[in-house]
$ cat target-v7.txt   # compact mmCIF, N, CA and C atoms
# COMPACT_ATOMS: atom_id res chain seq x y z
N MET A 22 10.51 -28.79 -12.34
CA MET A 22 10.16 -29.09 -13.72
C MET A 22 10.50 -30.56 -13.99
N ILE A 23 9.52 -31.32 -14.44
CA ILE A 23 9.74 -32.71 -14.81
C ILE A 23 10.23 -32.76 -16.25
N ARG A 24 11.30 -33.50 -16.45
CA ARG A 24 11.86 -33.65 -17.80
C ARG A 24 12.42 -35.06 -17.96
N ILE A 25 12.68 -35.44 -19.19
CA ILE A 25 13.33 -36.73 -19.45
C ILE A 25 14.77 -36.64 -18.94
N ALA A 26 15.18 -37.63 -18.17
CA ALA A 26 16.55 -37.66 -17.65
C ALA A 26 17.50 -38.14 -18.73
N THR A 27 18.74 -37.68 -18.64
CA THR A 27 19.78 -38.05 -19.61
C THR A 27 20.92 -38.75 -18.87
N PRO A 28 21.83 -39.37 -19.62
CA PRO A 28 22.99 -39.99 -18.97
C PRO A 28 23.80 -39.01 -18.12
N ASP A 29 23.77 -37.73 -18.45
CA ASP A 29 24.48 -36.73 -17.64
C ASP A 29 23.90 -36.60 -16.24
N ASP A 30 22.68 -37.09 -16.03
CA ASP A 30 22.02 -37.00 -14.72
C ASP A 30 22.34 -38.18 -13.81
N ALA A 31 23.11 -39.14 -14.29
CA ALA A 31 23.33 -40.39 -13.55
C ALA A 31 23.87 -40.17 -12.14
N ALA A 32 24.83 -39.29 -11.96
CA ALA A 32 25.42 -39.09 -10.63
C ALA A 32 24.40 -38.50 -9.66
N ALA A 33 23.63 -37.52 -10.10
CA ALA A 33 22.62 -36.92 -9.23
C ALA A 33 21.53 -37.93 -8.88
N ILE A 34 21.14 -38.73 -9.85
CA ILE A 34 20.13 -39.76 -9.62
C ILE A 34 20.66 -40.79 -8.63
N ALA A 35 21.89 -41.23 -8.82
CA ALA A 35 22.48 -42.22 -7.91
C ALA A 35 22.56 -41.67 -6.48
N ALA A 36 22.86 -40.40 -6.34
CA ALA A 36 22.94 -39.81 -5.00
C ALA A 36 21.57 -39.80 -4.31
N ILE A 37 20.53 -39.47 -5.03
CA ILE A 37 19.18 -39.49 -4.46
C ILE A 37 18.77 -40.91 -4.12
N GLU A 38 19.10 -41.84 -4.97
CA GLU A 38 18.76 -43.25 -4.72
C GLU A 38 19.46 -43.76 -3.47
N THR A 39 20.72 -43.43 -3.30
CA THR A 39 21.48 -43.87 -2.13
C THR A 39 20.90 -43.27 -0.84
N GLU A 40 20.47 -42.03 -0.91
CA GLU A 40 19.84 -41.37 0.24
C GLU A 40 18.49 -42.00 0.57
N SER A 41 17.78 -42.47 -0.45
CA SER A 41 16.40 -42.92 -0.29
C SER A 41 16.25 -44.40 0.02
N PHE A 42 17.16 -45.23 -0.49
CA PHE A 42 16.99 -46.68 -0.38
C PHE A 42 18.26 -47.31 0.19
N THR A 43 18.08 -48.15 1.18
CA THR A 43 19.24 -48.80 1.79
C THR A 43 19.39 -50.26 1.35
N HIS A 44 18.35 -50.84 0.78
CA HIS A 44 18.39 -52.25 0.40
C HIS A 44 18.89 -52.39 -1.04
N HIS A 45 20.10 -52.86 -1.21
CA HIS A 45 20.71 -53.09 -2.52
C HIS A 45 20.58 -51.90 -3.47
N PRO A 46 21.11 -50.75 -3.10
CA PRO A 46 21.02 -49.61 -4.00
C PRO A 46 21.80 -49.85 -5.28
N TRP A 47 21.29 -49.28 -6.36
CA TRP A 47 22.00 -49.35 -7.62
C TRP A 47 23.26 -48.51 -7.51
N THR A 48 24.27 -48.93 -8.25
CA THR A 48 25.51 -48.17 -8.33
C THR A 48 25.40 -47.12 -9.44
N LEU A 49 26.34 -46.21 -9.45
CA LEU A 49 26.39 -45.21 -10.51
C LEU A 49 26.46 -45.89 -11.87
N GLU A 50 27.27 -46.94 -11.96
CA GLU A 50 27.42 -47.65 -13.23
C GLU A 50 26.10 -48.29 -13.67
N MET A 51 25.33 -48.79 -12.72
CA MET A 51 24.03 -49.38 -13.06
C MET A 51 23.08 -48.32 -13.61
N PHE A 52 23.10 -47.13 -13.00
CA PHE A 52 22.25 -46.05 -13.52
C PHE A 52 22.73 -45.59 -14.89
N GLN A 53 24.03 -45.50 -15.09
CA GLN A 53 24.54 -45.11 -16.40
C GLN A 53 24.09 -46.09 -17.48
N ALA A 54 24.17 -47.37 -17.18
CA ALA A 54 23.74 -48.39 -18.15
C ALA A 54 22.24 -48.30 -18.41
N ALA A 55 21.45 -48.16 -17.36
CA ALA A 55 19.99 -48.10 -17.53
C ALA A 55 19.57 -46.85 -18.30
N LEU A 56 20.22 -45.73 -18.02
CA LEU A 56 19.89 -44.50 -18.74
C LEU A 56 20.18 -44.61 -20.23
N ALA A 57 21.07 -45.50 -20.62
CA ALA A 57 21.41 -45.70 -22.03
C ALA A 57 20.60 -46.84 -22.66
N ASP A 58 19.83 -47.56 -21.86
CA ASP A 58 19.08 -48.73 -22.32
C ASP A 58 17.69 -48.30 -22.77
N PRO A 59 17.29 -48.62 -24.02
CA PRO A 59 15.98 -48.18 -24.52
C PRO A 59 14.79 -48.84 -23.81
N LEU A 60 15.01 -49.89 -23.03
CA LEU A 60 13.91 -50.49 -22.28
C LEU A 60 13.50 -49.65 -21.08
N TYR A 61 14.37 -48.73 -20.66
CA TYR A 61 14.10 -47.89 -19.50
C TYR A 61 13.70 -46.48 -19.94
N SER A 62 12.82 -45.88 -19.15
CA SER A 62 12.51 -44.46 -19.29
C SER A 62 12.76 -43.82 -17.93
N PHE A 63 13.51 -42.75 -17.92
CA PHE A 63 13.82 -42.01 -16.70
C PHE A 63 13.28 -40.58 -16.82
N TYR A 64 12.73 -40.10 -15.72
CA TYR A 64 12.29 -38.71 -15.64
C TYR A 64 12.92 -38.09 -14.41
N ALA A 65 13.24 -36.82 -14.50
CA ALA A 65 13.86 -36.11 -13.39
C ALA A 65 13.06 -34.85 -13.10
N ASP A 66 13.02 -34.48 -11.83
CA ASP A 66 12.49 -33.19 -11.43
C ASP A 66 13.69 -32.30 -11.15
N GLU A 67 13.79 -31.22 -11.89
CA GLU A 67 14.93 -30.32 -11.77
C GLU A 67 14.46 -28.98 -11.23
N ARG A 68 15.17 -28.52 -10.19
CA ARG A 68 14.88 -27.22 -9.58
C ARG A 68 16.18 -26.44 -9.46
N ASP A 69 16.20 -25.27 -10.02
CA ASP A 69 17.39 -24.40 -9.96
C ASP A 69 18.64 -25.14 -10.41
N GLY A 70 18.52 -25.96 -11.46
CA GLY A 70 19.67 -26.66 -12.01
C GLY A 70 20.06 -27.93 -11.29
N ASN A 71 19.30 -28.32 -10.26
CA ASN A 71 19.63 -29.53 -9.50
C ASN A 71 18.50 -30.55 -9.61
N ILE A 72 18.89 -31.81 -9.76
CA ILE A 72 17.92 -32.89 -9.76
C ILE A 72 17.50 -33.13 -8.31
N VAL A 73 16.19 -33.06 -8.05
CA VAL A 73 15.69 -33.26 -6.69
C VAL A 73 14.82 -34.51 -6.57
N GLY A 74 14.53 -35.13 -7.69
CA GLY A 74 13.75 -36.37 -7.69
C GLY A 74 13.84 -37.03 -9.04
N PHE A 75 13.56 -38.33 -9.05
CA PHE A 75 13.57 -39.04 -10.32
C PHE A 75 12.62 -40.23 -10.26
N GLY A 76 12.23 -40.67 -11.43
CA GLY A 76 11.42 -41.88 -11.58
C GLY A 76 11.93 -42.68 -12.74
N CYS A 77 11.77 -43.99 -12.64
CA CYS A 77 12.28 -44.90 -13.66
C CYS A 77 11.27 -46.01 -13.88
N ILE A 78 11.01 -46.33 -15.13
CA ILE A 78 10.13 -47.43 -15.49
C ILE A 78 10.83 -48.28 -16.54
N LYS A 79 10.68 -49.59 -16.42
CA LYS A 79 11.26 -50.53 -17.39
C LYS A 79 10.14 -51.19 -18.16
N HIS A 80 10.23 -51.13 -19.48
CA HIS A 80 9.20 -51.64 -20.36
C HIS A 80 9.52 -53.06 -20.82
N ALA A 81 8.48 -53.89 -20.88
CA ALA A 81 8.63 -55.26 -21.37
C ALA A 81 7.34 -55.63 -22.10
N GLY A 82 7.31 -55.29 -23.38
CA GLY A 82 6.12 -55.59 -24.17
C GLY A 82 4.91 -54.80 -23.68
N LEU A 83 3.84 -55.50 -23.35
CA LEU A 83 2.61 -54.86 -22.90
C LEU A 83 2.62 -54.57 -21.40
N GLU A 84 3.72 -54.93 -20.73
CA GLU A 84 3.85 -54.69 -19.30
C GLU A 84 5.04 -53.77 -19.04
N ALA A 85 5.01 -53.18 -17.87
CA ALA A 85 6.13 -52.34 -17.43
C ALA A 85 6.21 -52.44 -15.91
N GLU A 86 7.40 -52.12 -15.39
CA GLU A 86 7.58 -52.10 -13.95
C GLU A 86 8.21 -50.78 -13.54
N ILE A 87 7.58 -50.12 -12.60
CA ILE A 87 8.19 -48.92 -12.04
C ILE A 87 9.31 -49.38 -11.13
N GLU A 88 10.51 -49.01 -11.49
CA GLU A 88 11.69 -49.41 -10.74
C GLU A 88 11.95 -48.48 -9.56
N TYR A 89 11.78 -47.19 -9.78
CA TYR A 89 12.09 -46.20 -8.76
C TYR A 89 11.20 -44.98 -8.90
N ILE A 90 10.84 -44.44 -7.77
CA ILE A 90 10.43 -43.05 -7.62
C ILE A 90 11.11 -42.61 -6.33
N ALA A 91 11.96 -41.62 -6.43
CA ALA A 91 12.69 -41.15 -5.25
C ALA A 91 12.83 -39.63 -5.31
N VAL A 92 12.72 -39.03 -4.14
CA VAL A 92 12.82 -37.58 -4.02
C VAL A 92 13.80 -37.27 -2.89
N ALA A 93 14.68 -36.33 -3.13
CA ALA A 93 15.64 -35.91 -2.10
C ALA A 93 14.86 -35.50 -0.85
N GLU A 94 15.41 -35.84 0.30
CA GLU A 94 14.70 -35.64 1.56
C GLU A 94 14.20 -34.21 1.75
N ALA A 95 14.98 -33.24 1.40
CA ALA A 95 14.59 -31.84 1.60
C ALA A 95 13.41 -31.42 0.72
N PHE A 96 13.07 -32.21 -0.28
CA PHE A 96 12.01 -31.85 -1.22
C PHE A 96 10.79 -32.76 -1.13
N ARG A 97 10.76 -33.64 -0.15
CA ARG A 97 9.62 -34.56 0.00
C ARG A 97 8.39 -33.82 0.48
N ARG A 98 7.25 -34.44 0.21
CA ARG A 98 5.93 -33.92 0.63
C ARG A 98 5.58 -32.60 -0.07
N GLN A 99 6.06 -32.47 -1.31
CA GLN A 99 5.75 -31.29 -2.11
C GLN A 99 5.05 -31.67 -3.42
N GLY A 100 4.65 -32.93 -3.56
CA GLY A 100 3.95 -33.37 -4.76
C GLY A 100 4.86 -33.82 -5.89
N ILE A 101 6.16 -33.86 -5.65
CA ILE A 101 7.10 -34.25 -6.70
C ILE A 101 6.91 -35.70 -7.10
N ALA A 102 6.75 -36.59 -6.13
CA ALA A 102 6.55 -38.02 -6.45
C ALA A 102 5.28 -38.21 -7.27
N ASP A 103 4.24 -37.46 -6.94
CA ASP A 103 2.99 -37.52 -7.70
C ASP A 103 3.22 -37.13 -9.16
N GLN A 104 3.96 -36.06 -9.37
CA GLN A 104 4.26 -35.60 -10.73
C GLN A 104 5.12 -36.62 -11.48
N LEU A 105 6.09 -37.20 -10.78
CA LEU A 105 6.94 -38.22 -11.42
C LEU A 105 6.12 -39.44 -11.79
N LEU A 106 5.22 -39.85 -10.91
CA LEU A 106 4.36 -41.00 -11.22
C LEU A 106 3.48 -40.71 -12.42
N ASN A 107 2.95 -39.50 -12.52
CA ASN A 107 2.17 -39.13 -13.70
C ASN A 107 3.01 -39.23 -14.97
N ALA A 108 4.26 -38.78 -14.90
CA ALA A 108 5.13 -38.85 -16.08
C ALA A 108 5.40 -40.30 -16.47
N LEU A 109 5.63 -41.16 -15.49
CA LEU A 109 5.88 -42.57 -15.78
C LEU A 109 4.64 -43.24 -16.36
N ARG A 110 3.48 -42.93 -15.82
CA ARG A 110 2.24 -43.50 -16.34
C ARG A 110 1.97 -43.03 -17.77
N SER A 111 2.23 -41.75 -18.04
CA SER A 111 2.05 -41.23 -19.40
C SER A 111 3.01 -41.91 -20.37
N ASP A 112 4.24 -42.10 -19.93
CA ASP A 112 5.24 -42.78 -20.75
C ASP A 112 4.77 -44.20 -21.07
N ALA A 113 4.28 -44.90 -20.06
CA ALA A 113 3.79 -46.28 -20.27
C ALA A 113 2.63 -46.30 -21.25
N GLY A 114 1.70 -45.37 -21.08
CA GLY A 114 0.56 -45.31 -21.99
C GLY A 114 0.96 -45.02 -23.42
N ALA A 115 1.92 -44.13 -23.60
CA ALA A 115 2.40 -43.79 -24.94
C ALA A 115 3.09 -44.97 -25.62
N LYS A 116 3.61 -45.89 -24.82
CA LYS A 116 4.29 -47.06 -25.37
C LYS A 116 3.37 -48.28 -25.47
N GLY A 117 2.09 -48.09 -25.21
CA GLY A 117 1.12 -49.17 -25.36
C GLY A 117 1.09 -50.16 -24.21
N THR A 118 1.65 -49.78 -23.08
CA THR A 118 1.66 -50.66 -21.92
C THR A 118 0.24 -50.85 -21.41
N ARG A 119 -0.10 -52.09 -21.09
CA ARG A 119 -1.43 -52.38 -20.54
C ARG A 119 -1.42 -52.56 -19.03
N THR A 120 -0.32 -53.06 -18.48
CA THR A 120 -0.25 -53.31 -17.04
C THR A 120 1.08 -52.79 -16.51
N VAL A 121 1.01 -52.06 -15.41
CA VAL A 121 2.20 -51.55 -14.75
C VAL A 121 2.27 -52.17 -13.36
N PHE A 122 3.43 -52.69 -13.03
CA PHE A 122 3.69 -53.29 -11.72
C PHE A 122 4.69 -52.43 -10.95
N LEU A 123 4.71 -52.60 -9.64
CA LEU A 123 5.74 -51.99 -8.80
C LEU A 123 5.79 -52.74 -7.49
N GLU A 124 6.87 -52.53 -6.76
CA GLU A 124 6.97 -53.05 -5.40
C GLU A 124 7.36 -51.89 -4.50
N VAL A 125 6.85 -51.96 -3.29
CA VAL A 125 7.07 -50.88 -2.33
C VAL A 125 7.17 -51.49 -0.95
N GLY A 126 7.96 -50.88 -0.09
CA GLY A 126 8.07 -51.36 1.28
C GLY A 126 6.72 -51.34 1.98
N ALA A 127 6.38 -52.43 2.64
CA ALA A 127 5.08 -52.56 3.29
C ALA A 127 4.86 -51.49 4.36
N LEU A 128 5.93 -50.94 4.91
CA LEU A 128 5.82 -49.92 5.94
C LEU A 128 5.88 -48.49 5.38
N ASN A 129 5.99 -48.38 4.06
CA ASN A 129 6.09 -47.06 3.43
C ASN A 129 4.67 -46.55 3.11
N ALA A 130 3.96 -46.16 4.16
CA ALA A 130 2.56 -45.74 4.02
C ALA A 130 2.37 -44.57 3.04
N PRO A 131 3.25 -43.54 3.04
CA PRO A 131 3.04 -42.46 2.08
C PRO A 131 3.12 -42.93 0.62
N ALA A 132 4.07 -43.81 0.32
CA ALA A 132 4.20 -44.30 -1.05
C ALA A 132 3.00 -45.18 -1.43
N ILE A 133 2.58 -46.05 -0.52
CA ILE A 133 1.43 -46.90 -0.80
C ILE A 133 0.19 -46.04 -1.05
N ALA A 134 -0.01 -45.01 -0.24
CA ALA A 134 -1.15 -44.10 -0.43
C ALA A 134 -1.08 -43.42 -1.80
N LEU A 135 0.11 -43.00 -2.20
CA LEU A 135 0.28 -42.37 -3.52
C LEU A 135 -0.12 -43.33 -4.62
N TYR A 136 0.38 -44.55 -4.55
CA TYR A 136 0.08 -45.53 -5.60
C TYR A 136 -1.40 -45.88 -5.62
N GLU A 137 -2.01 -46.04 -4.46
CA GLU A 137 -3.44 -46.34 -4.41
C GLU A 137 -4.26 -45.17 -4.96
N LYS A 138 -3.83 -43.96 -4.69
CA LYS A 138 -4.50 -42.76 -5.24
C LYS A 138 -4.51 -42.81 -6.77
N HIS A 139 -3.46 -43.39 -7.34
CA HIS A 139 -3.36 -43.50 -8.79
C HIS A 139 -3.95 -44.79 -9.33
N GLY A 140 -4.66 -45.53 -8.50
CA GLY A 140 -5.38 -46.72 -8.96
C GLY A 140 -4.63 -48.03 -8.91
N PHE A 141 -3.45 -48.04 -8.31
CA PHE A 141 -2.72 -49.29 -8.15
C PHE A 141 -3.38 -50.12 -7.05
N GLU A 142 -3.37 -51.42 -7.26
CA GLU A 142 -3.97 -52.35 -6.29
C GLU A 142 -2.90 -53.28 -5.76
N ARG A 143 -3.01 -53.63 -4.48
CA ARG A 143 -2.10 -54.59 -3.87
C ARG A 143 -2.46 -55.99 -4.38
N ILE A 144 -1.44 -56.72 -4.86
CA ILE A 144 -1.72 -58.06 -5.37
C ILE A 144 -0.95 -59.15 -4.64
N SER A 145 0.12 -58.80 -3.94
CA SER A 145 0.93 -59.82 -3.28
C SER A 145 1.88 -59.16 -2.29
N VAL A 146 2.50 -60.00 -1.46
CA VAL A 146 3.52 -59.55 -0.53
C VAL A 146 4.73 -60.46 -0.67
N ARG A 147 5.91 -59.87 -0.71
CA ARG A 147 7.16 -60.63 -0.68
C ARG A 147 7.74 -60.49 0.72
N LYS A 148 7.67 -61.56 1.48
CA LYS A 148 8.14 -61.54 2.87
C LYS A 148 9.64 -61.31 2.93
N ASN A 149 10.04 -60.43 3.84
CA ASN A 149 11.46 -60.16 4.13
C ASN A 149 12.27 -59.73 2.90
N TYR A 150 11.61 -59.17 1.91
CA TYR A 150 12.28 -58.80 0.67
C TYR A 150 13.37 -57.74 0.90
N TYR A 151 13.09 -56.82 1.81
CA TYR A 151 14.05 -55.76 2.10
C TYR A 151 14.87 -56.05 3.35
N GLY A 152 14.88 -57.28 3.80
CA GLY A 152 15.59 -57.67 5.01
C GLY A 152 14.60 -58.24 6.02
N GLU A 153 15.14 -58.75 7.07
CA GLU A 153 14.30 -59.40 8.10
C GLU A 153 13.20 -58.45 8.59
N GLY A 154 11.96 -58.91 8.44
CA GLY A 154 10.81 -58.13 8.91
C GLY A 154 10.43 -56.96 8.03
N ARG A 155 11.04 -56.85 6.86
CA ARG A 155 10.76 -55.74 5.95
C ARG A 155 10.22 -56.29 4.64
N ASP A 156 8.90 -56.41 4.59
CA ASP A 156 8.22 -56.99 3.43
C ASP A 156 8.06 -55.97 2.31
N ALA A 157 7.85 -56.48 1.10
CA ALA A 157 7.52 -55.66 -0.06
C ALA A 157 6.10 -55.97 -0.48
N VAL A 158 5.34 -54.93 -0.79
CA VAL A 158 4.00 -55.09 -1.33
C VAL A 158 4.11 -54.95 -2.85
N ILE A 159 3.56 -55.92 -3.56
CA ILE A 159 3.52 -55.87 -5.03
C ILE A 159 2.19 -55.27 -5.42
N MET A 160 2.25 -54.27 -6.32
CA MET A 160 1.04 -53.58 -6.75
C MET A 160 1.00 -53.56 -8.27
N LYS A 161 -0.23 -53.42 -8.80
CA LYS A 161 -0.38 -53.31 -10.26
C LYS A 161 -1.54 -52.39 -10.61
N LYS A 162 -1.45 -51.87 -11.81
CA LYS A 162 -2.53 -51.08 -12.39
C LYS A 162 -2.63 -51.46 -13.85
$ encode --input "target-v7.txt" --output "structure tokens"
Amino acid sequence: MIRIATPDDAAAIAAIETESFTHHPWTLEMFQAALADPLYSFYADERDGNIVGFGCIKHAGLEAEIEYIAVAEAFRRQGIADQLLNALRSDAGAKGTRTVFLEVGALNAPAIALYEKHGFERISVRKNYYGEGRDAVIMKK
């Protein structure tokens, strides 16, 4: 079930983020602050009382940036990221956002395919953004 995440979800979200991303992961304190910040919108997928995935978007006027979509390893490839992306896009639309940006690892083919399925286009590459030889693809819709 996709729902709006609350500050009480910070620890579960931070655990999924740490499992999913190795390049400069956010700390628990960073998630707590962002969950309390009105510029951010967080959504969580909850199953049997446990957070198994989350998405985060940061709003800036008519633009927004998807900061995270992450799903616990045991729950990947079940459509959860797709549902989270839909929630983030709906949130952006409800707030009058005209353009949404994101960055994704150039080697993360499943994530790139998901974003392209939702109409995101590749606009740039940040060389070595995630470390030596690990580029980021910048996308927008």
$ residues_around --input "target-v7.txt" --residues "segment 70-73 of chain A" --least-positions-apart "4" --cutoff "6 Å" --atoms "all atoms listed in the file" --output "ChimeraX atom specification"
/A:66,91-93
$ atom_distance --input "target-v7.txt" --atom1 "atom CA of Ala54 of chain A" --atom2 "atom CA of Asp29 of chain A"
11.7 Å
$ closest_atom_pairs --input "target-v7.txt" --of "segment 32-127 of chain A" --to "segment 134-147 of chain A" --cutoff "10 Å" --atoms "only C-alpha atoms" --output "tab-separated table"
residue	atom	partner	partner_atom	distance
A:Gly100	CA	A:Leu135	CA	9.8
A:Ala102	CA	A:Leu135	CA	8.2
A:Asp103	CA	A:Leu135	CA	7.0
A:Leu106	CA	A:Tyr136	CA	8.4
A:Asn107	CA	A:His139	CA	8.6
A:Arg110	CA	A:His139	CA	9.4
A:Val121	CA	A:Phe141	CA	8.5
A:Phe122	CA	A:Phe141	CA	8.4
A:Leu123	CA	A:Phe141	CA	8.9
A:Glu124	CA	A:Val146	CA	8.8
A:Val125	CA	A:Tyr136	CA	9.4
A:Gly126	CA	A:Arg147	CA	9.5
A:Ala127	CA	A:Val146	CA	8.1
$ closest_residue --input "target-v7.txt" --among "A:Ala130, A:Ile101, A:Ala113, A:Ala33" --to "Val158 of chain A" --atoms "only C-alpha atoms"
A:Ala130
$ atom_distance --input "target-v7.txt" --atom1 "atom C of Lys116 of chain A" --atom2 "atom N of Lys79 of chain A"
11.7 Å
$ closest_residue --input "target-v7.txt" --among "A:Leu49, A:Ala31, A:Glu94, A:Gly82" --to "Phe63 of chain A" --atoms "only C-alpha atoms"
A:Ala31
$ select_by_dssp --input "target-v7.txt" --residues "segment 25-128 of chain A" --states "helix (DSSP H, G or I)" --output "number ranges by chain"
A: 28-41, 49-57, 94-96, 101-115
$ closest_residue --input "target-v7.txt" --among "A:Glu88, A:Tyr64, A:Pro59, A:Glu50" --to "Leu105 of chain A" --atoms "only C-alpha atoms"
A:Tyr64
$ atom_distance --input "target-v7.txt" --atom1 "atom CA of Glu153 of chain A" --atom2 "atom CA of Phe96 of chain A"
29.2 Å
$ closest_residue --input "target-v7.txt" --among "A:Ala95, A:Leu128, A:Met22, A:Leu109" --to "Gly76 of chain A" --atoms "all atoms listed in the file"
A:Leu109
$ select_by_dssp --input "target-v7.txt" --residues "segment 63-124 of chain A" --states "strand (DSSP E)" --output "MDAnalysis selection string"
chainID A and resid 63:68 71:81 84:92 120:124
$ residues_around --input "target-v7.txt" --residues "Tyr61 of chain A" --least-positions-apart "3" --cutoff "6.5 Å" --atoms "all atoms listed in the file" --output "list in words"
Ala55, Asp58, Ile78, Lys79 and His80 of chain A
